[in-house]
8 protein chains.
Amino acid sequence: MQKLEEILQEFKDGGKSMREMLDYLEKLPFEDLCFAKVDHHRCLRRGYPEVIYGESKTAEQIITIAESMAKFGTNILITRVDPQKAETIMGRIAGMVHHREARALSLRNSEADSIPQGTIHVICAGSSDLPVAEEAAVTAEFMGNKIKRNFDIGVAGLHRLLSVWDELREGSVYIVVAGMEGALPSVVAGMVKGPVIAVPTSVGYGASFGGIAALLGMLNSCSPGVSVVNIDNGFGAGYLAGVINRQSRVREEF
Amino acid sequence: MQKLEEILQEFKDGGKSMREMLDYLEKLPFEDLCFAKVDHHRCLRRGYPEVIYGESKTAEQIITIAESMAKFGTNILITRVDPQKAETIMGRIAGMVHHREARALSLRNSEADSIPQGTIHVICAGSSDLPVAEEAAVTAEFMGNKIKRNFDIGVAGLHRLLSVWDELREGSVYIVVAGMEGALPSVVAGMVKGPVIAVPTSVGYGASFGGIAALLGMLNSCSPGVSVVNIDNGFGAGYLAGVINRQSRVREEF
Amino acid sequence: MQKLEEILQEFKDGGKSMREMLDYLEKLPFEDLCFAKVDHHRCLRRGYPEVIYGESKTAEQIITIAESMAKFGTNILITRVDPQKAETIMGRIAGMVHHREARALSLRNSEADSIPQGTIHVICAGSSDLPVAEEAAVTAEFMGNKIKRNFDIGVAGLHRLLSVWDELREGSVYIVVAGMEGALPSVVAGMVKGPVIAVPTSVGYGASFGGIAALLGMLNSCSPGVSVVNIDNGFGAGYLAGVINRQSRVREEF
Amino acid sequence: MQKLEEILQEFKDGGKSMREMLDYLEKLPFEDLCFAKVDHHRCLRRGYPEVIYGESKTAEQIITIAESMAKFGTNILITRVDPQKAETIMGRIAGMVHHREARALSLRNSEADSIPQGTIHVICAGSSDLPVAEEAAVTAEFMGNKIKRNFDIGVAGLHRLLSVWDELREGSVYIVVAGMEGALPSVVAGMVKGPVIAVPTSVGYGASFGGIAALLGMLNSCSPGVSVVNIDNGFGAGYLAGVINRQSRVREEF
Amino acid sequence: MQKLEEILQEFKDGGKSMREMLDYLEKLPFEDLCFAKVDHHRCLRRGYPEVIYGESKTAEQIITIAESMAKFGTNILITRVDPQKAETIMGRIAGMVHHREARALSLRNSEADSIPQGTIHVICAGSSDLPVAEEAAVTAEFMGNKIKRNFDIGVAGLHRLLSVWDELREGSVYIVVAGMEGALPSVVAGMVKGPVIAVPTSVGYGASFGGIAALLGMLNSCSPGVSVVNIDNGFGAGYLAGVINRQSRVREEF
Amino acid sequence: MQKLEEILQEFKDGGKSMREMLDYLEKLPFEDLCFAKVDHHRCLRRGYPEVIYGESKTAEQIITIAESMAKFGTNILITRVDPQKAETIMGRIAGMVHHREARALSLRNSEADSIPQGTIHVICAGSSDLPVAEEAAVTAEFMGNKIKRNFDIGVAGLHRLLSVWDELREGSVYIVVAGMEGALPSVVAGMVKGPVIAVPTSVGYGASFGGIAALLGMLNSCSPGVSVVNIDNGFGAGYLAGVINRQSRVREEF
Amino acid sequence: MQKLEEILQEFKDGGKSMREMLDYLEKLPFEDLCFAKVDHHRCLRRGYPEVIYGESKTAEQIITIAESMAKFGTNILITRVDPQKAETIMGRIAGMVHHREARALSLRNSEADSIPQGTIHVICAGSSDLPVAEEAAVTAEFMGNKIKRNFDIGVAGLHRLLSVWDELREGSVYIVVAGMEGALPSVVAGMVKGPVIAVPTSVGYGASFGGIAALLGMLNSCSPGVSVVNIDNGFGAGYLAGVINRQSRVREEF
Amino acid sequence: MQKLEEILQEFKDGGKSMREMLDYLEKLPFEDLCFAKVDHHRCLRRGYPEVIYGESKTAEQIITIAESMAKFGTNILITRVDPQKAETIMGRIAGMVHHREARALSLRNSEADSIPQGTIHVICAGSSDLPVAEEAAVTAEFMGNKIKRNFDIGVAGLHRLLSVWDELREGSVYIVVAGMEGALPSVVAGMVKGPVIAVPTSVGYGASFGGIAALLGMLNSCSPGVSVVNIDNGFGAGYLAGVINRQSRVREEF
C-alpha cells in the first residue's frame with residue numbers, strides 16, 4: 001500500500017488533479033498483466049514465459065500473437081501445434097525450436113532463471129502417453145526446471161519401476177502420465193516423498209471412454225499425495241510442477 | 001444320443017406307451033436341474049453345491065428353500081445374509097456354519113470332492129474390501145478348492161506385494177478384489193502366470209461412484225490375463241475361479 | 001531362490017567383489033522380460049508369443065519392432081492392423097500371415113507348443129462381431145490352442161443355439177462375443193460347464209453407446225461362470241482363454 | 001361432430017343465447033375426462049378403469065380421491081401402495097381387493113367388459129422381478145384382459161423356456177419383465193409372433209445401476225418386435241398391453 | 001404335438017428308420033427359418049418380408065445376400081443404404097425401388113397380403129427426423145399396412161397438432177418420431193386411443209447427447225400407452241407397428 | 001462515482017486523515033451487502049428480501065441468522081424448511097408466515113414495493129411438482145410480484161392447457177415446473193410471448209434419474225424463449241422471474 | 001373473442017352456412033403462423049424476424065425457404081451456415097449480410113422496430129467462445145436490440161472484469177458465454193442486477209465432455225438470477241434476451 | 001545402501017548364516033512402515049503423523065488401532081468420526097483433541113516439527129463446505145504447517161475476495177474447497193502465485209450430482225496452477241499441501 005499512500009499525498013499536495021486521481025483509483029486494484037487473447041493459458045504471471053494454446057488457432061493467428069509478444073522480448077511457448085502449423089510458424093518467426101513429440105514450439109528471447117532446488121520427474125508407460133508427457137516436460141523445462149524423464153515404466157511390469165526406485169526418490173515433484181486404468185500415479189506415490197501430479201490420457205479404447213477410466217482411477221488413488229489435472233493436460237501438469245518447484249524461492253522474492 | 005436310441009427302441013418294442021414316449025420327449029432336450037426360485041445364483045450345475053442368494057429374501061423364505069434342498073442331501077451355500085438373518089436361520093437349521101466376514105452360511109451334508117490341482121489365491125487391500133473377498137473365498141472353498149488368502153496387499157505400498165511374490169507365483173487362479181482406483185489386479189497380473197479374476201468393490205467415496213472407478217480401471221487393465229465380474233460380486237468370482245480350477249478333471253469326466 | 005544362494009556363496013568365497021554383489025542385488029528381484037515399447041499388450045511372459053498392438057503405430061514403427069524381435073527367433077503377433085498397414089508390413093517382413101478378418105498379422109519362427117487339453121470355443125452372432133471374434137480366435141490359436149468357431153449364433157433365434165448344444169458341451173473354455181444387448185454369454189453359460197469369457201463389442205447404434213449396453217449386460221449376467229473383458233478386446237479374451245486352457249500343464253512345469 | 005351441429009342449430013333457432021353459445025364453444029374441443037390430481041396415470045380414457053398412482057400420496061389423499069371417484073361408480077385401481085397404506089385404505093373403503101405382490105388395490109363397482117380376443121402373457125424370471133410383473137398383470141386384468149403368468153423363466157436355464165414354447169405361441173401380447181442383463185425379452189421375441197413389451201426392473205446390484213443395464217439391453221434387442229417402457233413401470237406395460245389387445249374391438253366402436 | 005405323434009406312430013409302424021427318427025428329433029423343436037447372416041434384423045418370421053440391415057455391409061455383400069434370397073421369390077427390404085450403395089445395388093438387381101428419404105431399397109417378388117384392419121400413423125416434427133420416420137413408414141408399408149404420414153407436427157406449435165386431431169383419432173397404431181426433447185409422443189398419446197410407439201432420434205446438438213434426451217423423455221412419458229424403441233430405430237418401430245396391426249388376423253390363422 | 005469524489009475532496013480539505021482515507025479506499029470498490037453465512041442464496045442485492053437457505057441448517061442456526069437480520073428491519077424468506085423446523089422457528093420468531101406447500105417461512109417487516117408491470121405465471125402438472133412450484137411462487141410473491149398459479153396442467157391432456165390459453169397470454173413471465181419427461185415448458189413456450197423459465201423436478205422414477213430426463217428435455221426444447229434452472233430449484237426460478245419482471249422499473253432507477 | 005362473436009352473428013344471420021361455420025370452428029382456436037419446415041427455430045411469433053436453422057440443410061434447401069419467405073417481405077436470419085454455404089446463398093439472394101464470426105446470414109427487408117429500453121450485454125472470455133457469443137449478439141441485434149459486446153473477460157483474470165464493472169451495471173439483460181468450467185456467469189451475476197442467460201460452449205477438451213462441465217457449472221451457479229440454455233445455443237440465448245428486453249412494450253401492445 | 005553393505009560384510013565374515021542372509025534379503029527392498037489395516041490413508045511415510053480413516057470403522061476398531069499406535073509414541077490423526085464415535089473414543093483414550101467441524105480427532109504424543117517456510121491458505125465459501133475445509137486445515141496443521149483460514153469467500157460476491165487479495169498473496173499453498181459450480185479455485189488461482197489444490201464437495205442438489213459438477217468445473221479450470229483431489233477429500237488436500245510446503249526442507253534431509 002506504500003505506493004498508494006504516495007499518490008494520495010501527491011494528490012493532496014496538488015500534484016494530481018481530481019480527474020487524475022479518480023482515473024488512477026479506477027484502475028488501482030489491478031494491473032492488466034495478461035496478454036489479451038492468449039486463450040487457454042491466459043494470465044501466466046510475470047516471471048513465467050508467455051504461453052499460446054495453439055489448438056483452435058490458425059497459424060496466422062498464432063504468428064500475430066507471437067510477433068506482438070516478441071516485441072517485449074519475452075520467451076514464448078506455443079502448445080498443441082500440429083507439424084504443419086509448426087512448419088508455417090517456424091518459416092515466419094526465426095529462432096523457434098520445435099519439440100515434435102510435445103507438439104510444441106518455443107522461442108527463447110531471454111534466459112529463463114535456472115531454479116536450483118529440485119528435479120521434476122516426468123514418468124509414463126509408453127509410446128502412446130508420450131506426447132502428453134513431453135508437453136509436460138517441455139513446459140516445465142521452459143520455466144527453468146531440471147527434468148528427468150522416465151518414459152518406459154508401467155504397472156504391468158514392476159521390474160522397470162523397481163529398477164529406478166532409488167533414482168525416483170531423488171526427485172522433488174512427480175508428473176505421472178497414464179492412460180487406460182491410470183494406476184501408475186498410485187504406485188509411484190507409494191514409493192516417493194514428493195507431491196505427485198497425475199495426468200490421465202485419452203489413450204485406450206472401449207471402456208476407457210476417452211480417459212474417464214484413468215481420470216477416475218487417479219481421483220480415487222489410495223496413495224495420499226496425489227492430485228489430478230484434466231485429461232491430456234500435459235501443459236497444466238508441467239506448469240503446476242514448475243510452480244511447486246520454485247516455491248521457496250518465490251516466497252523470498254516477495 | 002445313445003440313451004435316446006435305447007428309449008426309442010423300448011417304445012418301438014412296446015415297453016413304453018405313446019403317452020410315456022411323448023412325456024419323455026417333451027423333457028428330452030433338458031433336465032430341470034435347477035431349484036425353482038433359487039434367485040440370483042440359479043442353475044448351478046450338478047457337482048457344485050446349491051447356492052441361495054439371500055439379499056432380497058426373508059429369513060423365512062431362505063429357510064423354506066434350504067429345508068427343501070436339504071431333503072436331497074445337497075450341500076447348501078447361502079450368500080448375502082446379514083447377522084440377524086443368519087442367526088434366525090441357524091436357530092432353525094442345524095449344522096449351518098456362519099462365515100461372518102463373508103456374510104454367508106454353509107451347510108455340508110456330503111463331502112465336497114477335493115480338487116487336487118491348484119490353489120486359488122484371494123487377494124485384497126484391506127478391511128473394507130474384506131467382505132467381498134471373503135465371499136469369494138468361502139464360495140470357492142465350498143466347491144472343494146484350496147484357498148490362499150492375502151488380505152493386506154495394496155498398490156500404495158509395494159513392499160507387501162513384493163514380499164509375497166514367490167508365494168503368489170505358486171497359485172493357479174487369482175481373485176483380486178479392490179475398490180477405489182482398482183489398480184491391484186493390473187499389478188498382480190503382471191507378476192503371475194495364471195488367470196486373474198478382478199472384482200471391483202463399491203468401497204470408496206466421491207468420484208468412486210459406488211465402484212464404477214474400480215470397474216473401469218479393471219476393464220482397462222494394461223496387463224493381459226485379467227477379466228472382470230460385477231461390482232461386489234464375490235460369489236461370482238469365487239464360483240468362476242472354481243470352474244477354472246477344476247477344468248482339467250471335468251473334461252476327463254465327460 | 002536357488003540361484004541367489006549360489007551367488008551369495010560365490011561372494012562369500014571371494015568370487016564376487018562387494019561392488020559386484022551390490023550391483024547384482026540391485027537388479028535381483030526382477031528381469032526385464034518385456035520388450036520395451038510393446039505398447040498395449042506389453043509384457044507377455046516367456047512361453048507365449050510376443051504381441052504388438054498395431055492401432056496407434058505406423059507401419060514403420062511396427063516393422064522396426066518386429067525386426068528387432070525377429071532376431072530372437074520369437075513368434076510375433078501383430079493386432080489391429082488395417083489392410084494397408086498389413087500390406088506394407090508383409091512387403092518388408094517375409095513369412096507374415098495375414099488374418100484379414102482378425103485385422104492381424106502373425107509370423108511363426110518356431111513351433112508353438114501344442115496344448116493337448118481342451119478346445120476353446122469362440123462364439124458370436126454374426127458378421128458385425130466377426131472381427132473381434134476372429135482376433136480372439138487368432139490370438140488363442142497362435143498360443144497353440146485348438147479353436148472351434150461358431151459364428152452364426154444369436155439369442156433372437158434359439159434354434160441355431162440348440163442345434164449345437166452337444167458340440168458346445170465338449171469345449172473347455174468359451175469366448176462369447178456379442179454387441180447390442182450382449183445377452184449371448186448369459187445363455188451360453190447356462191448351457192455349458194466351462195468358464196465363459198464375455199467380450200462386448202461396439203456393434204450397434206443409438207442406445208448401444210459404443211458397447212456400453214453389451215458391457216453392462218454381460219457384467220450383470222444372471223448365469224454364474226461369466227467374466228468380462230474390455231469392449232472389442234478380442235486379443236484380451238483370446239489371451240486369457242489360452243492362459244486358462246494351459247493351466248494344468250503350466251503348474252506341472254513350475 | 002354430430003352434436004356440435006345440433007347445438008349450432010339450436011343457437012340459430014334461438015334456443016341458445018350468444019353468451020351460452022360462446023361459453024359452450026370455449027369448452028368445445030375437449031372434455032375434461034380426467035380426474036384432476038390423478039397424478040401419474042392421469043387421463044385414462046373412457047372405457048378403462050380410473051387409476052391412482054399411490055407412491056407419493058398419503059393414505060388420506062388416496063382415500064379422498066378414491067371416494068370422490070367412487071361416487072361415479074367407476075372401477076378404481078390404486079398402484080404402488082405399501083402394505084400399511086393398503087390396510088388403512090381397506091379399513092375405510094369397502095370392497096377393495098388387495099393384490100399384495102403387485103402392491104395394488106382394486107375396487108370393482110361395475111363389471112369390466114371382457115375382451116374376447118387374445119391372452120396377455122406376463123413373463124419374468126423370479127422372485128425379485130415379481131412385484132413389477134404382478135403390477136403389470138393386475139393392471140391388464142383390471143382392464144378386462146385374460147392373463148397368463150409365467151414367473152419362473154430365465155435365460156440362464158433354457159429348459160424352462162423351451163418347455164413352455166408351445167404355450168407361449170398362443171399368446172397375443174407379451175409383457176416380459178427382467179432385471180440384471182435384461183436378456184429375456186430378446187429371447188422371448190425370437191420365439192413368438194406377437195408384440196413384446198419389455199419392462200426393465202431395478203433388480204440387481206453394482207453395474208446394474210438401478211435398472212440401466214436391463215433398460216439398455218432391452219433397447220438394443222436384436223429381436224425385432226420389442227419395445228420398452230420405463231424401469232419398474234409394470235403399470236405402463238399392463239396398460240399398453242391392454243390397449244393393444246383391445247385394438248380391433250375399439251376400432252369397430254368408433 | 002399332433003404331428004409328432006403321427007411321426008412316432010410312423011416310426012413304430014416301421015415307416016421311418018431309427019436313423020431317420022433320430023435325425024428328425026434332433027431338429028424337432030425348431031426350424032431354421034432365418035436366413036443366415038441377415039445381420040441385425042435377422043429372423044423375421046414367415047409371412048413378413050425378409051430384411052437386410054445395410055449399414056455395415058458393402059454393396060457386394062448386400063447383393064450376394066439379396067440374390068440368394070431372391071431365388072426363393074421372397075420380398076426383400078434393405079435398410080440403411082446410402083445413395084451410392086443404393087445405386088450400385090439397383091444397377092445389379094432389377095426391380096429394386098429406392099425409398100430415398102428412408103435410405104431403403106425394396107424388391108417385391110410377390111404381393112404382400114393387405115391387412116384390412118387399421119391405419120398406422122407415422123408422425124414427426126420436421127425435416128431432420130424425416131429419414132427415421134420414412135424408414136418406419138416404408139417398413140410397415142412393405143409388410144402390407146396402410147400408412148398415414150403427418151410429417152410437419154411439433155409440440156412448439158400446437159395448431160398443427162390440433163388441426164389433425166380428428167384425423168389422428170382414426171388410426172390404429174401410432175409411430176411418433178422426435179428428436180431434441182422428445183415430447184411429441186406424450187402429447188399424441190394424450191389425444192388418441194391406440195398404442196404409441198415412440199422413436200427417439202439423434203437429431204439435436206449439445207445436451208441432446210445424440211438422442212439420449214429424447215430417449216429419456218419418452219421413457220418418462222406421463223401419458224400411458226407409450227413404449228419406446230432404440231434411438232433412430234425406424235425399422236424396429238415400423239416392424240412392431242406391423243406386428244400389432246395384424247394381431248387379430250394372426251390369431252385366427254394360428 | 002459522485003460519493004468518492006466528495007470523500008476525496010474531504011480528504012484533500014483535511015476532513016479525513018491519511019489513515020482514514022486508506023481505510024476507506026480499501027473497502028471502496030465494494031460494500032459487503034451480503035449477510036455472511038447466508039448460504040446458498042447469498043448476496044441478494046438491495047431491494048430484494050433477504051433469503052436463508054434452510055436445507056442444511058439447524059433450526060437454531062436459522063433462528064440466529066434470522067434474528068440478526070430482523071434487527072435491520074429487512075423482510076426475510078427462509079426456504080427448504082421441513083414442518084418440524086418450521087414449527088420451532090415460528091415458536092421463536094413472531095410474525096413468521098408458514099407456506100407449507102412451498103416448505104418456506106416468510107417474515108414481512110416492511111412492505112415490499114409492489115411491481116406494477118406484469119403477472120408471473122407459475123404452471124405445473126400436478127401434486128408431485130407442487131412443492132417446487134410453490135417455492136417459486138412464494139419467492140416471486142415475496143419480491144412484490146403478482147402471481148397466477150395454474151397447477152393442474154399437463155401435456156398428457158391438452159384440454160386443460162387449451163382452456164387456459166387466453167389467460168396464459170396475458171402473463172409477463174412464465175415459470176413452468178415439470179418432472180418426468182419435462183415437456184410442458186416446450187408446449188407453453190409455443191403458446192405465449194413472454195420468457196419461459198423451465199424448472200425440472202426430481203419427480204419420477206426409473207429412467208427419470210432424479211430429474212435428469214426432465215432437465216435434458218428442457219435444455220433441448222424446440223421452442224425458443226426457454227431457459228432452465230437447476231433441478232428442483234423453485235427459489236432460483238422465482239427469483240429470476242422477479243428480476244425479469246421488475247426490469248423496466250429498475251433501469252429507470254439507476 | 002370479439003371476432004368469433006361477429007362470425008357467430010353472421011352465421012345466425014344466414015351469412016354463413018352450417019358447413020362454413022363448422023369449417024371455421026374447426027380451425028378456430030389457432031392460426032398456422034409458422035412457416036412449415038422452418039426446422040429448429042420454427043414458430044417464431046409475429047413481430048420477430050423469421051429464422052432458418054442452417055446446420056442440417058443444404059444451400060439449396062436454405063435458398064428455397066428463404067426465397068419463399070422473402071416474398072412476404074419478412075426479415076430473414078439464417079444461423080449455422082459455414083463459409084461455403086454462406087457464399088452460395090449470397091450469390092443467389094441479394095442483400096444478404098454475412099456475419100462471419102456468428103456463422104450467420106441476415107436479410108433485412110423491413111426495418112426492425114428499435115427497442116428503446118435497455119442494452120443487452122454479451123460477454124465471453126475469448127476467441128474460442130466467440131462464434132457462439134456472436135450468434136447470440138447477431139440474433140438479438142436482428143430483433144432490434146442494442147448490444148454491448150465484451151469478448152475478452154475471463155474469471156482467471158479478475159482485472160478485466162473489474163475494469164468494466166460500471167459499464168456492466170448499465171445493462172438490462174446479460175448473455176454470458178463460457179466453455180471449460182463455465183464460471184463466468186456466476187461471477188457476472190454477482191455483479192449486476194439484471195437477469196443472466198448462461199450459454200455453455202463445447203470449448204475445452206478432456207473432462208469438459210463437449211460442454212457438460214460448463215453446463216453443470218452454470219446450472220449449479222451459486223448466484224441467483226442465472227438461467228441456462230443448451231450447449232452452444234447462441235441463437236436461443238439471443239432470442240430469449242430479446243424476448244426479455246422487449247417485455248414492457250409487448251405488454252402494452254397486447 | 002550403507003546398511004546393506006555392512007550386513008553383507010557381516011555375512012562374509014561369518015556373523016550371519018546363509019539362512020539369515022537369505023531371510024534378510026527377502027525383506028531387503030522395503031520396510032513395512034505402514035500400520036496394517038490403516039485403511040484409506042494407509043502408508044503415510046515416516047515423519048508424518050499416522051492417520052486412521054474412521055468412516056467405515058467402529059469405535060472399538062479405531063480404539064484398538066489407536067492404542068496399538070500409541071505404544072510407539074506416534075502422533076495420531078483420526079478422520080471422519082461422527083460426534084458419537086468421537087465421544088466413545090475420547091472416553092477411552094486420554095489426550096484426544098476433538099476437531100468438531102472437521103469431524104476429526106487428534107492425539108499429540110510428540111511435538112510435530114514446525115515447518116518454517118510458508119503458510120497454507122484454506123479457503124471456502126460458507127457453512128456447507130466447512131467440514132471438508134476444516135478436515136484439510138486440521139490435517140495440514142497436524143503435520144506442522146501454519147494455516148490461514150478464509151471461510152467466507154464465494155464467487156457470487158467478489159467484494160469479499162477482493163478485500164483479502166493482499167492477504168492471499170502471502171500464502172505458499174492454497175487449498176480451495178467449493179461445492180455447486182466449483183468456480184472458486186479458478187478465480188483464486190488467477191490471483192495468486194502458489195499452487196492451488198482444488199477440493200470439490202458434494203454440497204448442492206439436483207444437477208450438482210453429488211459433487212460431479214464441482215469436480216468437472218475444477219478439472220476444466222481456465223487458470224493454470226490448479227490440480228484436483230477427490231470429492232470431499234479434505235484429508236487428501238491437507239496432506240498434499242503439507243507435502244508441498246515441506247518440499248525444500250525434505251530435499252535437504254535426504
# chains A, B, ... in the order shown; residues from 1 in each chain; ligands from 1

call {"tool": "residues_around", "arguments": {"residues": "Glu135 (chain D)", "least_positions_apart": "3", "cutoff": "8 Å", "atoms": "only C-alpha atoms", "output": "ChimeraX atom specification"}}
result
/D:79,101-104,131-132,138-139,234-235,238

call {"tool": "interface_residues", "arguments": {"of": "chain E", "to": "chain D", "cutoff": "6 Å", "atoms": "only C-alpha atoms", "output": "PDB file with C-alpha atoms, in the first residue's frame"}}
result
ATOM      1  CA  LEU E 219     -39.322 -43.418 -21.322  1.00  0.00           C
ATOM      2  CA  PRO E 224     -49.803 -44.181 -20.515  1.00  0.00           C
ATOM      3  CA  GLY E 225     -49.883 -46.194 -23.721  1.00  0.00           C
ATOM      4  CA  SER E 227     -43.436 -47.615 -25.397  1.00  0.00           C
ATOM      5  CA  VAL E 228     -40.028 -46.856 -26.835  1.00  0.00           C
ATOM      6  CA  VAL E 229     -37.568 -48.365 -29.310  1.00  0.00           C
ATOM      7  CA  ASN E 230     -33.867 -47.617 -29.790  1.00  0.00           C
ATOM      8  CA  GLY E 236     -37.934 -51.517 -35.394  1.00  0.00           C
ATOM      9  CA  LEU E 240     -43.541 -53.564 -34.361  1.00  0.00           C
TER      10      LEU E 240
END

call {"tool": "residues_around", "arguments": {"residues": "Leu130 (chain H)", "least_positions_apart": "6", "cutoff": "10 Å", "atoms": "only C-alpha atoms", "output": "PyMOL selection string"}}
result
chain H and resi 101-102+123-124+136+151-152+177-178+201+234

call {"tool": "write_last_selection", "arguments": {"atoms": "C-alpha atoms", "output": "PDB file, in the first residue's frame"}}
result
ATOM      1  CA  GLU H 101     -16.161 -29.169  12.451  1.00  0.00           C
ATOM      2  CA  ALA H 102     -13.508 -31.302  10.819  1.00  0.00           C
ATOM      3  CA  ILE H 123     -10.466 -21.120   1.515  1.00  0.00           C
ATOM      4  CA  CYS H 124     -14.150 -21.944   1.154  1.00  0.00           C
ATOM      5  CA  ALA H 136      -7.988 -30.140   5.225  1.00  0.00           C
ATOM      6  CA  PHE H 151     -14.128 -19.463   5.176  1.00  0.00           C
ATOM      7  CA  ASP H 152     -16.491 -16.818   3.901  1.00  0.00           C
ATOM      8  CA  VAL H 177     -12.856 -26.006  -1.232  1.00  0.00           C
ATOM      9  CA  ALA H 178     -16.074 -25.480  -3.187  1.00  0.00           C
ATOM     10  CA  THR H 201     -17.537 -31.003  -2.261  1.00  0.00           C
ATOM     11  CA  GLY H 234     -10.254 -32.741   2.724  1.00  0.00           C
TER      12      GLY H 234
END

call {"tool": "atom_distance", "arguments": {"atom1": "CA of Ser127 (chain F)", "atom2": "CA of Glu167 (chain F)"}}
result
21.5 Å

call {"tool": "residues_around", "arguments": {"residues": "region 60-68 of chain B", "least_positions_apart": "3", "cutoff": "12 Å", "atoms": "only C-alpha atoms", "output": "PyMOL selection string"}}
result
(chain B and resi 35-39+49-57+71-81+85-94+96+105-109) or (chain D and resi 127)

call {"tool": "write_last_selection", "arguments": {"atoms": "N, CA and C atoms", "output": "short mmCIF file (atom, residue, chain, number, x, y, z; two decimals), in the first residue's frame"}}
result
data_model
loop_
_atom_site.label_atom_id
_atom_site.label_comp_id
_atom_site.auth_asym_id
_atom_site.auth_seq_id
_atom_site.Cartn_x
_atom_site.Cartn_y
_atom_site.Cartn_z
N PHE B 35 -33.16 -75.63 -8.88
CA PHE B 35 -34.21 -75.46 -7.90
C PHE B 35 -34.98 -74.20 -8.24
N ALA B 36 -36.25 -74.38 -8.54
CA ALA B 36 -37.07 -73.22 -8.87
C ALA B 36 -36.94 -72.19 -7.76
N LYS B 37 -36.90 -70.95 -8.13
CA LYS B 37 -36.86 -69.82 -7.19
C LYS B 37 -35.50 -69.59 -6.54
N VAL B 38 -34.48 -70.36 -6.89
CA VAL B 38 -33.16 -70.01 -6.37
C VAL B 38 -32.67 -68.85 -7.21
N ASP B 39 -32.99 -67.70 -6.68
CA ASP B 39 -32.93 -66.45 -7.43
C ASP B 39 -31.69 -66.21 -8.27
N PRO B 49 -22.17 -77.24 -5.16
CA PRO B 49 -23.19 -77.07 -4.12
C PRO B 49 -24.29 -76.13 -4.62
N GLU B 50 -25.46 -76.26 -4.07
CA GLU B 50 -26.55 -75.34 -4.39
C GLU B 50 -26.33 -74.04 -3.63
N VAL B 51 -26.71 -72.95 -4.22
CA VAL B 51 -26.47 -71.64 -3.63
C VAL B 51 -27.76 -70.82 -3.57
N ILE B 52 -27.99 -70.19 -2.43
CA ILE B 52 -29.15 -69.31 -2.28
C ILE B 52 -28.66 -67.88 -2.09
N TYR B 53 -29.15 -66.99 -2.94
CA TYR B 53 -28.80 -65.57 -2.83
C TYR B 53 -29.74 -64.93 -1.81
N GLY B 54 -29.18 -64.56 -0.66
CA GLY B 54 -30.03 -64.20 0.46
C GLY B 54 -30.51 -62.76 0.53
N GLU B 55 -29.91 -61.89 -0.29
CA GLU B 55 -30.11 -60.45 -0.13
C GLU B 55 -31.59 -60.04 -0.06
N SER B 56 -32.34 -60.42 -1.07
CA SER B 56 -33.71 -59.91 -1.13
C SER B 56 -34.73 -60.91 -0.58
N LYS B 57 -34.24 -61.89 0.17
CA LYS B 57 -35.16 -62.88 0.73
C LYS B 57 -35.27 -62.73 2.24
N LYS B 71 -33.43 -81.91 1.93
CA LYS B 71 -34.01 -83.24 1.76
C LYS B 71 -33.23 -84.10 0.78
N PHE B 72 -32.61 -83.43 -0.18
CA PHE B 72 -31.87 -84.17 -1.20
C PHE B 72 -30.41 -84.40 -0.78
N GLY B 73 -30.09 -83.94 0.45
CA GLY B 73 -28.74 -84.18 0.94
C GLY B 73 -27.67 -83.34 0.27
N THR B 74 -28.10 -82.30 -0.44
CA THR B 74 -27.10 -81.46 -1.10
C THR B 74 -26.44 -80.52 -0.10
N ASN B 75 -25.26 -80.09 -0.46
CA ASN B 75 -24.61 -79.04 0.33
C ASN B 75 -25.25 -77.71 -0.05
N ILE B 76 -25.32 -76.80 0.93
CA ILE B 76 -26.02 -75.54 0.70
C ILE B 76 -25.11 -74.37 1.06
N LEU B 77 -25.07 -73.37 0.18
CA LEU B 77 -24.38 -72.12 0.48
C LEU B 77 -25.40 -71.00 0.38
N ILE B 78 -25.45 -70.16 1.42
CA ILE B 78 -26.36 -69.01 1.40
C ILE B 78 -25.50 -67.75 1.45
N THR B 79 -25.63 -66.88 0.45
CA THR B 79 -24.81 -65.66 0.42
C THR B 79 -25.64 -64.44 0.79
N ARG B 80 -24.95 -63.36 1.12
CA ARG B 80 -25.58 -62.08 1.45
C ARG B 80 -26.66 -62.20 2.53
N VAL B 81 -26.27 -62.74 3.67
CA VAL B 81 -27.18 -62.75 4.82
C VAL B 81 -26.60 -61.89 5.93
N LYS B 85 -30.41 -62.18 10.13
CA LYS B 85 -30.96 -63.27 9.32
C LYS B 85 -30.21 -64.56 9.60
N ALA B 86 -28.89 -64.45 9.65
CA ALA B 86 -28.04 -65.62 9.85
C ALA B 86 -28.43 -66.34 11.13
N GLU B 87 -28.61 -65.55 12.18
CA GLU B 87 -28.95 -66.14 13.48
C GLU B 87 -30.28 -66.87 13.41
N THR B 88 -31.28 -66.22 12.83
CA THR B 88 -32.60 -66.85 12.70
C THR B 88 -32.49 -68.18 11.97
N ILE B 89 -31.73 -68.18 10.88
CA ILE B 89 -31.62 -69.39 10.07
C ILE B 89 -30.90 -70.48 10.85
N MET B 90 -29.81 -70.11 11.51
CA MET B 90 -29.05 -71.09 12.29
C MET B 90 -29.88 -71.67 13.43
N GLY B 91 -30.78 -70.87 13.95
CA GLY B 91 -31.64 -71.37 15.02
C GLY B 91 -32.64 -72.41 14.53
N ARG B 92 -32.82 -72.43 13.23
CA ARG B 92 -33.83 -73.34 12.67
C ARG B 92 -33.24 -74.52 11.90
N ILE B 93 -32.08 -74.31 11.30
CA ILE B 93 -31.47 -75.41 10.54
C ILE B 93 -30.15 -75.79 11.20
N ALA B 94 -30.08 -77.02 11.67
CA ALA B 94 -28.90 -77.46 12.39
C ALA B 94 -27.72 -77.67 11.44
N MET B 96 -25.55 -75.48 10.29
CA MET B 96 -25.13 -74.33 9.49
C MET B 96 -23.85 -73.71 10.07
N LEU B 105 -23.65 -68.35 4.93
CA LEU B 105 -23.89 -69.54 5.75
C LEU B 105 -23.64 -70.75 4.86
N SER B 106 -23.12 -71.83 5.44
CA SER B 106 -22.97 -73.04 4.64
C SER B 106 -23.41 -74.26 5.45
N LEU B 107 -23.88 -75.23 4.71
CA LEU B 107 -24.29 -76.49 5.34
C LEU B 107 -23.74 -77.62 4.49
N ARG B 108 -22.98 -78.44 5.11
CA ARG B 108 -22.31 -79.51 4.36
C ARG B 108 -22.97 -80.84 4.71
N ASN B 109 -23.77 -81.35 3.80
CA ASN B 109 -24.42 -82.64 4.03
C ASN B 109 -23.60 -83.79 3.47
N SER D 127 -38.34 -64.37 -8.23
CA SER D 127 -38.97 -63.71 -7.11
C SER D 127 -38.73 -62.21 -7.08
#
